[in-house]
Amino acid sequence: MAFVPTKRKKNTKSMMQGGNQQQARSLSADRASSSTFEVEPDEARSKENTTCGEACPEEKQSEEKIPETPQGPGPYFYIGGSNGAGLVSIYCQRRGWQRIYDNRREDYALKWCETKCRETYYHFKEGEQLLYQIPNNRILTTKIGLLSCLREQERVMNKISWSSNSKLLKMEEFFPESFRLDIKDERNAFFELCKEEQIWICKPTCSNQGRGIFLLKNQAAVNTFQAKLHSAEEDQLSKKMSCKAPQARIVQRYIHHPLLLEGKKFDVRSYLLIACTAPYVLFFAQGYVRLTCTNYDAASDDLTAHLTNQYMQKKNPLYSQLKEETVWRMEHFNSYVNEKFRKVNGLPKDWVLTVFTKRMQQIMMQCFLAAKLKLERKLGYFDLIGCDFLIDENFKVWLLEMNANPALHTNCKVLRHVIPTMVYESLDLVLEIFNKCLKGQSVLPLETLCHFVLLYKEDAAAPGQKSSKLRTRPCMGRYLRPNTDSPSHFGRSPAKALENSSEKLSCSGKKVGFLPNKLCQRTVLPIPHVQLFNHEGKLSEPLQKGGLSQVRKT
């Protein structure tokens, strides 16, 4: 039995009043989540605790009373943890969905958890449910996973010949030189190489928020670190692996001369949305700029001068005074580059929104292609990945890392502008594509596509991809309705926006929640062996030769 879309009720006012009451109960429950998935409110949980090989944690009983079990027909949604919980809850409740609080229930339409667990994926019903996070996304979102994928891709391309695939970048063009310290040969190669005076940065493979990161700034620090690793290795051998091995790490060449904004180091957080895995449909979304509180000094031992994420910046005594200045909108960044760097460095106008944006898209696509054949695929899996980029003083773009379950906090003005828009449009696209796949319709054109850029759409019957045997669930009784009247984000809180959101027009002229961003570039990069589309579903024109690598005018 196929899902049948339901018509909207005319009495929208009464629906909104009921939704707001339910929303209030939900937000109260978010503050005292009933699960053990809670993390710090400003950032997502460390990656080392998000493996899907663990069994589901038992539910904790909250001191606050959990709302009663929904009695209606659904659809139902479940949220585990606090990262993005308020936004996802508002989005779902606006559609008349009902929130459930029992992680063991299997009758959900959407499950959004920041911590992955084995049982969830085991019981997942393909084609009937939506599940946030691809189970093995760690091959992209851990340091070693991403490094391994890119290295394997490079080995293959070296055999094929780079000349025939010139659109793909070599690793040295966008990824800092890296060594795995859990592999003895690589570890020895690194210690042999770093006898030169050079700053290196050491990162745990599965952590985020700057946890466990430190700098190796001189030979004495390198020697001390080498001795510590050697001692740990001997301890492991002597105890015959009876104790837990230390967490794997990588060490990367530090970008010693980054581009500075008002004297401060910064990086750019952008988003890769894998809206569907069967078939693959990928989007790019602009994010925001993250700056340090203090001016950059390569010799400083203060990590808050080197690491830009909000979790680290909160440790700086100046953060409470400078919080709003540590996050910029991309439009602000673009204007700053136009004013301060354009003439001096021979940059094209709007370099940030054109050349830089296209380079980020190209790097994201290359990373995805490196992992494409390894990612687990089922209709209903989707993922949102935070991608962090750094620009050096020569305007070369570097990928720092890709993050699963990126932070969705909104603790400053810019984030309140950016994050709700991105989350709501992500869910819009996921729902629309899911429903079209169930009905056997063409994915394109997309009515809910507004700010995002379509990077890649796989043919419905990709070579070697088995068609899924999809079943419908009569108990759900209706389609998972995509957003057609979600709130605009410009200067408005999500709760306030719920009251006046039905009259916004999409890029296609149909009623949706967001106004189109005129500054957002919709052209996308041609990548070998894939088809890239613009927002209208038409094949994009290829860039002129040198369009990406041309940073300075010649």
# chains A, B, ... in the order shown; residues from 1 in each chain; ligands from 1
$ residues_around --residues "range 287-291 of chain A" --least-positions-apart "6" --cutoff "9 Å" --atoms "only C-alpha atoms" --output "JSON, numbers by chain"
{"A": [261, 264, 265, 266, 267, 268, 269, 270, 271, 307, 308, 309, 310, 313, 325, 326, 327, 328, 329, 330, 333, 386, 414, 415, 418, 419, 422]}
$ write_last_selection --atoms "C-alpha atoms" --output "PDB file, in the first residue's frame"
ATOM      1  CA  LEU A 261      40.739  38.757   9.512  1.00  0.00           C
ATOM      2  CA  LYS A 264      42.696  36.925  13.943  1.00  0.00           C
ATOM      3  CA  LYS A 265      42.891  33.378  12.664  1.00  0.00           C
ATOM      4  CA  PHE A 266      39.675  31.943  11.222  1.00  0.00           C
ATOM      5  CA  ASP A 267      38.191  28.996   9.394  1.00  0.00           C
ATOM      6  CA  VAL A 268      34.944  28.446   7.484  1.00  0.00           C
ATOM      7  CA  ARG A 269      32.276  25.897   8.406  1.00  0.00           C
ATOM      8  CA  SER A 270      30.216  24.727   5.409  1.00  0.00           C
ATOM      9  CA  TYR A 271      27.835  21.807   5.044  1.00  0.00           C
ATOM     10  CA  LEU A 307      41.807  26.576  17.183  1.00  0.00           C
ATOM     11  CA  THR A 308      38.778  28.539  16.045  1.00  0.00           C
ATOM     12  CA  ASN A 309      35.799  26.421  17.104  1.00  0.00           C
ATOM     13  CA  GLN A 310      33.353  27.861  19.617  1.00  0.00           C
ATOM     14  CA  GLN A 313      36.921  29.966  22.202  1.00  0.00           C
ATOM     15  CA  GLU A 325      32.539  39.023  16.918  1.00  0.00           C
ATOM     16  CA  THR A 326      33.794  35.430  16.751  1.00  0.00           C
ATOM     17  CA  VAL A 327      31.216  34.399  14.134  1.00  0.00           C
ATOM     18  CA  TRP A 328      30.717  36.153  10.788  1.00  0.00           C
ATOM     19  CA  ARG A 329      28.182  35.625   8.053  1.00  0.00           C
ATOM     20  CA  MET A 330      29.597  34.682   4.663  1.00  0.00           C
ATOM     21  CA  PHE A 333      33.389  37.808   4.988  1.00  0.00           C
ATOM     22  CA  GLY A 386      30.162  19.859   8.716  1.00  0.00           C
ATOM     23  CA  VAL A 414      24.811  34.949  13.162  1.00  0.00           C
ATOM     24  CA  LEU A 415      24.132  31.362  14.179  1.00  0.00           C
ATOM     25  CA  VAL A 418      22.265  30.521   9.624  1.00  0.00           C
ATOM     26  CA  ILE A 419      21.504  27.320  11.530  1.00  0.00           C
ATOM     27  CA  MET A 422      20.096  25.187   7.061  1.00  0.00           C
TER      28      MET A 422
END
$ residues_around --residues "Lys111 in chain A" --least-positions-apart "5" --cutoff "9 Å" --atoms "only C-alpha atoms" --output "number ranges by chain"
A: 76-80, 129-132
$ write_last_selection --atoms "N, CA and C atoms" --output "PDB file, in the first residue's frame"
ATOM      1  N   TYR A  76       5.276   9.617  13.759  1.00  0.00           N
ATOM      2  CA  TYR A  76       6.013   9.857  14.984  1.00  0.00           C
ATOM      3  C   TYR A  76       7.466  10.185  14.657  1.00  0.00           C
ATOM      4  N   PHE A  77       8.082  10.977  15.529  1.00  0.00           N
ATOM      5  CA  PHE A  77       9.511  11.240  15.383  1.00  0.00           C
ATOM      6  C   PHE A  77      10.182  11.099  16.739  1.00  0.00           C
ATOM      7  N   TYR A  78      11.443  10.697  16.712  1.00  0.00           N
ATOM      8  CA  TYR A  78      12.227  10.517  17.935  1.00  0.00           C
ATOM      9  C   TYR A  78      13.507  11.337  17.809  1.00  0.00           C
ATOM     10  N   ILE A  79      13.871  12.026  18.883  1.00  0.00           N
ATOM     11  CA  ILE A  79      15.113  12.793  18.932  1.00  0.00           C
ATOM     12  C   ILE A  79      15.933  12.304  20.108  1.00  0.00           C
ATOM     13  N   GLY A  80      17.165  11.905  19.853  1.00  0.00           N
ATOM     14  CA  GLY A  80      18.066  11.479  20.912  1.00  0.00           C
ATOM     15  C   GLY A  80      19.193  12.478  21.069  1.00  0.00           C
ATOM     16  N   GLN A 129      11.189   4.557   6.746  1.00  0.00           N
ATOM     17  CA  GLN A 129      11.627   5.447   7.815  1.00  0.00           C
ATOM     18  C   GLN A 129      12.790   6.306   7.336  1.00  0.00           C
ATOM     19  N   LEU A 130      12.986   7.418   8.031  1.00  0.00           N
ATOM     20  CA  LEU A 130      14.127   8.295   7.797  1.00  0.00           C
ATOM     21  C   LEU A 130      15.032   8.244   9.018  1.00  0.00           C
ATOM     22  N   LEU A 131      16.331   8.092   8.782  1.00  0.00           N
ATOM     23  CA  LEU A 131      17.283   7.930   9.880  1.00  0.00           C
ATOM     24  C   LEU A 131      18.497   8.821   9.642  1.00  0.00           C
ATOM     25  N   TYR A 132      18.746   9.697  10.594  1.00  0.00           N
ATOM     26  CA  TYR A 132      19.867  10.636  10.514  1.00  0.00           C
ATOM     27  C   TYR A 132      21.178   9.931  10.834  1.00  0.00           C
TER      28      TYR A 132
END
$ atom_distance --atom1 "CA of Leu318 in chain A" --atom2 "CA of Asp302 in chain A"
13.1 Å
$ select_by_dssp --residues "range 270-451 of chain A" --states "strand (DSSP E)" --output "MDAnalysis selection string"
chainID A and resid 270:277 280:291 327:329 381:391 397:404
$ write_last_selection --atoms "C-alpha atoms" --output "mmCIF file, in the first residue's frame"
data_model
loop_
_atom_site.group_PDB
_atom_site.id
_atom_site.type_symbol
_atom_site.label_atom_id
_atom_site.label_comp_id
_atom_site.auth_asym_id
_atom_site.auth_seq_id
_atom_site.Cartn_x
_atom_site.Cartn_y
_atom_site.Cartn_z
ATOM 1 C CA SER A 270 30.216 24.727 5.409
ATOM 2 C CA TYR A 271 27.835 21.807 5.044
ATOM 3 C CA LEU A 272 27.552 18.716 2.882
ATOM 4 C CA LEU A 273 24.038 17.277 2.908
ATOM 5 C CA ILE A 274 23.687 13.682 1.753
ATOM 6 C CA ALA A 275 19.926 13.920 1.394
ATOM 7 C CA CYS A 276 19.529 10.414 0.008
ATOM 8 C CA THR A 277 21.818 7.416 -0.432
ATOM 9 C CA TYR A 280 22.756 9.467 -3.982
ATOM 10 C CA VAL A 281 21.643 13.103 -3.925
ATOM 11 C CA LEU A 282 24.105 15.628 -2.474
ATOM 12 C CA PHE A 283 23.906 19.336 -1.697
ATOM 13 C CA PHE A 284 26.237 22.101 -0.590
ATOM 14 C CA ALA A 285 25.192 24.751 1.937
ATOM 15 C CA GLN A 286 27.030 27.888 2.972
ATOM 16 C CA GLY A 287 27.789 28.153 6.652
ATOM 17 C CA TYR A 288 29.675 30.793 8.603
ATOM 18 C CA VAL A 289 33.132 32.052 9.550
ATOM 19 C CA ARG A 290 34.660 31.245 12.958
ATOM 20 C CA LEU A 291 37.294 33.583 14.380
ATOM 21 C CA VAL A 327 31.216 34.399 14.134
ATOM 22 C CA TRP A 328 30.717 36.153 10.788
ATOM 23 C CA ARG A 329 28.182 35.625 8.053
ATOM 24 C CA TYR A 381 19.520 7.138 5.377
ATOM 25 C CA PHE A 382 20.586 10.788 5.264
ATOM 26 C CA ASP A 383 23.452 12.749 6.735
ATOM 27 C CA LEU A 384 24.587 16.288 7.413
ATOM 28 C CA ILE A 385 28.348 16.745 7.528
ATOM 29 C CA GLY A 386 30.162 19.859 8.716
ATOM 30 C CA CYS A 387 33.226 20.658 6.593
ATOM 31 C CA ASP A 388 35.918 22.996 7.902
ATOM 32 C CA PHE A 389 38.151 24.964 5.529
ATOM 33 C CA LEU A 390 41.142 27.222 6.116
ATOM 34 C CA ILE A 391 42.576 29.827 3.734
ATOM 35 C CA VAL A 397 42.084 26.631 0.337
ATOM 36 C CA TRP A 398 42.748 23.741 2.727
ATOM 37 C CA LEU A 399 40.315 21.147 4.046
ATOM 38 C CA LEU A 400 40.883 20.706 7.772
ATOM 39 C CA GLU A 401 38.309 18.022 8.546
ATOM 40 C CA MET A 402 34.788 16.723 8.010
ATOM 41 C CA ASN A 403 32.527 16.329 11.047
ATOM 42 C CA ALA A 404 29.602 14.035 11.720
#
